[in-house]
Amino acid sequence: MRFSTTAKSAMLDALDESQTVGAKYGSLHSAYSATGANELAGGGPAYARKAAAWAAAASGSKAMTGTLVFDVPAGQTVRWLGLWDAVTAGTFLGMTPNGGTVPQAFVVPDSTNDTLECAAHGFSVNDAVVVWAGSGDPLPAPLVEGTVYWVAARTTDDLTLATTSGGPVLDLLAVGAGLLQRIVPEVFGAQGTHTITSCTLSLD
């Protein structure tokens with residue numbers, strides 16, 4: 001079933017901070033997890049989750065209001081922002097890549113040239129990206145959700161990926177499709193703060 005924009009907005013408002021199981025707190029993570037693992041810890045001032053608030057959903061999306069400022073311990077890398085319904089423990093609701101842009105749809109219609117077709121994608125060579133499965137075709141093997149890849153080569157509407165920055169083009173083994181999103185890892189050599197100024201929830 002394809003839901004209307006009104007239905008999507010209603011679903012997103014069910015994640016409001018006013019709800020019992022709402023997206024009330026943001027967290028920082030060093031690596032992707034479907035369960036909320038890899039959350040930062042320690043430091044002085046100590047790392048802690050921060051309270052989040054959201055505007056009313058409109059046009060099928062819901063934007064965070066205000067900013068989240070986290071204390072980050074030395075030696076940590078921030079890669080993901082998570083959402084929870086409690087300041088400690090609680091129910092994990094999902095995560096998004098740090099510095100992530102709007103996800104871009106891609107398709108791999110032919111695995112022999114290892115190319116993702118992604119119209120007007122805007123990515124540059126050596127940009128770090130992650131992939132998400134869409135609602136249609138599966139991700140082309142061996143792409144995995146949450147794994148960080150790098151753009152190896154690009155044209156306006158196509159790109160290839162590598163598993164390391166500057167590495168060889170990844171050999172795609174099957175056709176498929178999905179979503180491509182930028183990720184910007186932030187490395188903290190010393191104790192510092194990390195600020196999230198915007199975050200938008202949406203439903204495909």
# chains A, B, ... in the order shown; residues from 1 in each chain; ligands from 1
call {"tool": "closest_atom_pairs", "arguments": {"of": "region 156-200 of chain A", "to": "region 130-139 of chain A", "cutoff": "6 Å", "atoms": "only C-alpha atoms", "output": "CSV"}}
result
residue,atom,partner,partner_atom,distance
A:Gly176,CA,A:Leu139,CA,5.1
A:Ala177,CA,A:Leu139,CA,5.3
A:Gly178,CA,A:Ala133,CA,4.7
A:Leu179,CA,A:Trp132,CA,5.0
A:Leu180,CA,A:Val131,CA,4.7
A:Gln181,CA,A:Val130,CA,5.4
call {"tool": "residues_around", "arguments": {"residues": "Leu93 (chain A)", "least_positions_apart": "4", "cutoff": "12 Å", "atoms": "only C-alpha atoms", "output": "ChimeraX atom specification"}}
result
/A:15-16,21-27,33-37,81-86,89,201
call {"tool": "closest_residue", "arguments": {"among": "A:Asp110, A:Asp158, A:Asp71, A:Glu17", "to": "Leu173 (chain A)", "atoms": "only C-alpha atoms"}}
result
A:Asp110
call {"tool": "closest_residue", "arguments": {"among": "A:Ala153, A:Met1, A:Ser18, A:Phe92", "to": "Ala56 (chain A)", "atoms": "only C-alpha atoms"}}
result
A:Ser18
call {"tool": "select_by_dssp", "arguments": {"residues": "region 5-194 of chain A", "states": "helix (DSSP H, G or I)", "output": "VMD selection string"}}
result
chain A and resid 5 to 13 111 to 113
call {"tool": "select_by_dssp", "arguments": {"residues": "region 7-180 of chain A", "states": "strand (DSSP E)", "output": "PyMOL selection string"}}
result
chain A and resi 25-29+50-51+53-54+61-65+68-72+76-78+80-84+92-97+104-108+116-117+128-132+149-154+158-162+176-180
call {"tool": "closest_atom_pairs", "arguments": {"of": "region 6-119 of chain A", "to": "region 182-193 of chain A", "cutoff": "8 Å", "atoms": "only C-alpha atoms", "output": "JSON lines"}}
result
{"residue": "A:Gly43", "atom": "CA", "partner": "A:Gln191", "partner_atom": "CA", "distance": 6.9}
{"residue": "A:Gly44", "atom": "CA", "partner": "A:Gln191", "partner_atom": "CA", "distance": 7.4}
{"residue": "A:Val69", "atom": "CA", "partner": "A:Thr193", "partner_atom": "CA", "distance": 6.5}
{"residue": "A:Phe70", "atom": "CA", "partner": "A:Thr193", "partner_atom": "CA", "distance": 5.4}
{"residue": "A:Asp71", "atom": "CA", "partner": "A:Thr193", "partner_atom": "CA", "distance": 4.6}
{"residue": "A:Val72", "atom": "CA", "partner": "A:Gly192", "partner_atom": "CA", "distance": 5.3}
{"residue": "A:Pro73", "atom": "CA", "partner": "A:Gln191", "partner_atom": "CA", "distance": 4.7}
{"residue": "A:Ala74", "atom": "CA", "partner": "A:Ala190", "partner_atom": "CA", "distance": 4.1}
{"residue": "A:Gly75", "atom": "CA", "partner": "A:Gly189", "partner_atom": "CA", "distance": 5.0}
{"residue": "A:Gln76", "atom": "CA", "partner": "A:Phe188", "partner_atom": "CA", "distance": 5.4}
{"residue": "A:Thr77", "atom": "CA", "partner": "A:Val187", "partner_atom": "CA", "distance": 4.4}
{"residue": "A:Val78", "atom": "CA", "partner": "A:Glu186", "partner_atom": "CA", "distance": 5.1}
{"residue": "A:Arg79", "atom": "CA", "partner": "A:Pro185", "partner_atom": "CA", "distance": 4.7}
{"residue": "A:Pro97", "atom": "CA", "partner": "A:Ile183", "partner_atom": "CA", "distance": 5.1}
{"residue": "A:Asn98", "atom": "CA", "partner": "A:Ile183", "partner_atom": "CA", "distance": 5.5}
{"residue": "A:Gly99", "atom": "CA", "partner": "A:Val184", "partner_atom": "CA", "distance": 5.1}
{"residue": "A:Gly100", "atom": "CA", "partner": "A:Arg182", "partner_atom": "CA", "distance": 4.8}
{"residue": "A:Thr101", "atom": "CA", "partner": "A:Arg182", "partner_atom": "CA", "distance": 5.7}
{"residue": "A:Pro103", "atom": "CA", "partner": "A:Arg182", "partner_atom": "CA", "distance": 7.8}
call {"tool": "write_last_selection", "arguments": {"atoms": "C-alpha atoms", "output": "short mmCIF file (atom, residue, chain, number, x, y, z; two decimals), in the first residue's frame"}}
result
data_model
loop_
_atom_site.label_atom_id
_atom_site.label_comp_id
_atom_site.auth_asym_id
_atom_site.auth_seq_id
_atom_site.Cartn_x
_atom_site.Cartn_y
_atom_site.Cartn_z
CA GLY A 43 34.87 11.80 28.82
CA GLY A 44 34.79 14.88 31.02
CA VAL A 69 25.18 19.88 21.69
CA PHE A 70 27.00 16.74 22.86
CA ASP A 71 30.17 16.39 24.94
CA VAL A 72 32.50 14.02 23.06
CA PRO A 73 35.39 12.12 24.69
CA ALA A 74 38.89 12.26 23.22
CA GLY A 75 39.75 9.56 20.71
CA GLN A 76 36.19 9.08 19.46
CA THR A 77 34.78 9.33 15.93
CA VAL A 78 31.19 10.47 15.44
CA ARG A 79 29.61 8.75 12.44
CA PRO A 97 24.56 9.31 9.15
CA ASN A 98 26.36 12.33 10.57
CA GLY A 99 26.29 15.14 8.01
CA GLY A 100 23.88 13.13 5.88
CA THR A 101 22.16 14.81 2.97
CA PRO A 103 19.05 10.21 0.28
#
call {"tool": "residues_around", "arguments": {"residues": "Ser165 (chain A)", "least_positions_apart": "2", "cutoff": "9 Å", "atoms": "only C-alpha atoms", "output": "ChimeraX atom specification"}}
result
/A:125-128,149-152,162-163,167-168
call {"tool": "write_last_selection", "arguments": {"atoms": "N, CA and C atoms", "output": "PDB file, in the first residue's frame"}}
result
ATOM      1  N   VAL A 125      34.258  12.652  -6.025  1.00  0.00           N
ATOM      2  CA  VAL A 125      35.200  11.560  -5.797  1.00  0.00           C
ATOM      3  C   VAL A 125      35.740  11.660  -4.372  1.00  0.00           C
ATOM      4  N   ASN A 126      35.797  10.511  -3.695  1.00  0.00           N
ATOM      5  CA  ASN A 126      36.261  10.358  -2.310  1.00  0.00           C
ATOM      6  C   ASN A 126      35.246  10.815  -1.264  1.00  0.00           C
ATOM      7  N   ASP A 127      34.030  11.207  -1.665  1.00  0.00           N
ATOM      8  CA  ASP A 127      32.971  11.414  -0.683  1.00  0.00           C
ATOM      9  C   ASP A 127      32.657  10.077  -0.014  1.00  0.00           C
ATOM     10  N   ALA A 128      32.445  10.106   1.304  1.00  0.00           N
ATOM     11  CA  ALA A 128      32.019   8.913   2.025  1.00  0.00           C
ATOM     12  C   ALA A 128      30.497   8.825   1.969  1.00  0.00           C
ATOM     13  N   TYR A 149      31.139   3.468   2.295  1.00  0.00           N
ATOM     14  CA  TYR A 149      31.827   3.332   1.018  1.00  0.00           C
ATOM     15  C   TYR A 149      32.330   4.709   0.587  1.00  0.00           C
ATOM     16  N   TRP A 150      33.197   4.721  -0.417  1.00  0.00           N
ATOM     17  CA  TRP A 150      33.709   5.979  -0.956  1.00  0.00           C
ATOM     18  C   TRP A 150      33.450   6.041  -2.453  1.00  0.00           C
ATOM     19  N   VAL A 151      33.151   7.234  -2.943  1.00  0.00           N
ATOM     20  CA  VAL A 151      32.935   7.414  -4.380  1.00  0.00           C
ATOM     21  C   VAL A 151      34.287   7.285  -5.080  1.00  0.00           C
ATOM     22  N   ALA A 152      34.388   6.306  -5.986  1.00  0.00           N
ATOM     23  CA  ALA A 152      35.642   6.052  -6.697  1.00  0.00           C
ATOM     24  C   ALA A 152      35.747   6.887  -7.966  1.00  0.00           C
ATOM     25  N   ALA A 162      34.016   2.402  -3.815  1.00  0.00           N
ATOM     26  CA  ALA A 162      35.160   1.644  -3.329  1.00  0.00           C
ATOM     27  C   ALA A 162      34.962   1.400  -1.836  1.00  0.00           C
ATOM     28  N   THR A 163      35.652   0.400  -1.300  1.00  0.00           N
ATOM     29  CA  THR A 163      35.531   0.100   0.133  1.00  0.00           C
ATOM     30  C   THR A 163      36.529   0.888   0.966  1.00  0.00           C
ATOM     31  N   GLY A 167      40.543   3.619  -3.127  1.00  0.00           N
ATOM     32  CA  GLY A 167      40.735   2.211  -3.444  1.00  0.00           C
ATOM     33  C   GLY A 167      40.124   1.821  -4.774  1.00  0.00           C
ATOM     34  N   PRO A 168      40.279   0.546  -5.155  1.00  0.00           N
ATOM     35  CA  PRO A 168      39.747   0.068  -6.435  1.00  0.00           C
ATOM     36  C   PRO A 168      38.227   0.043  -6.438  1.00  0.00           C
TER      37      PRO A 168
END
call {"tool": "closest_residue", "arguments": {"among": "A:Leu143, A:Gly42, A:Ala58, A:Leu28", "to": "Asp13 (chain A)", "atoms": "only C-alpha atoms"}}
result
A:Ala58
call {"tool": "atom_distance", "arguments": {"atom1": "CA of Leu170 (chain A)", "atom2": "CA of Thr96 (chain A)"}}
result
23.4 Å
call {"tool": "closest_residue", "arguments": {"among": "A:Thr65, A:Thr112, A:Asn38, A:Gln104", "to": "Ala174 (chain A)", "atoms": "only C-alpha atoms"}}
result
A:Thr112
call {"tool": "residues_around", "arguments": {"residues": "Ser111 (chain A)", "least_positions_apart": "2", "cutoff": "12 Å", "atoms": "only C-alpha atoms", "output": "MDAnalysis selection string"}}
result
chainID A and resid 107:109 113:117 139:142 160 170:177
call {"tool": "write_last_selection", "arguments": {"atoms": "C-alpha atoms", "output": "CSV table (one decimal), in the first residue's frame"}}
result
chain,number,residue,atom,x,y,z
A,107,VAL,CA,19.7,1.7,-9.7
A,108,VAL,CA,22.2,-0.9,-10.9
A,109,PRO,CA,20.5,-2.3,-14.1
A,113,ASN,CA,30.2,-2.3,-15.3
A,114,ASP,CA,29.9,-1.9,-11.5
A,115,THR,CA,28.1,1.5,-12.0
A,116,LEU,CA,25.3,3.0,-9.9
A,117,GLU,CA,22.9,5.1,-12.0
A,139,LEU,CA,20.4,-3.8,-2.7
A,140,PRO,CA,22.9,-5.1,-5.3
A,141,ALA,CA,25.4,-7.5,-3.6
A,142,PRO,CA,27.8,-7.0,-2.0
A,160,THR,CA,31.2,3.8,-8.8
A,170,LEU,CA,33.9,-2.3,-5.9
A,171,ASP,CA,32.8,-5.3,-7.9
A,172,LEU,CA,29.0,-5.4,-7.9
A,173,LEU,CA,27.7,-8.9,-8.3
A,174,ALA,CA,24.0,-8.4,-9.0
A,175,VAL,CA,21.5,-5.9,-10.2
A,176,GLY,CA,19.4,-4.0,-7.7
A,177,ALA,CA,18.5,-0.6,-6.4
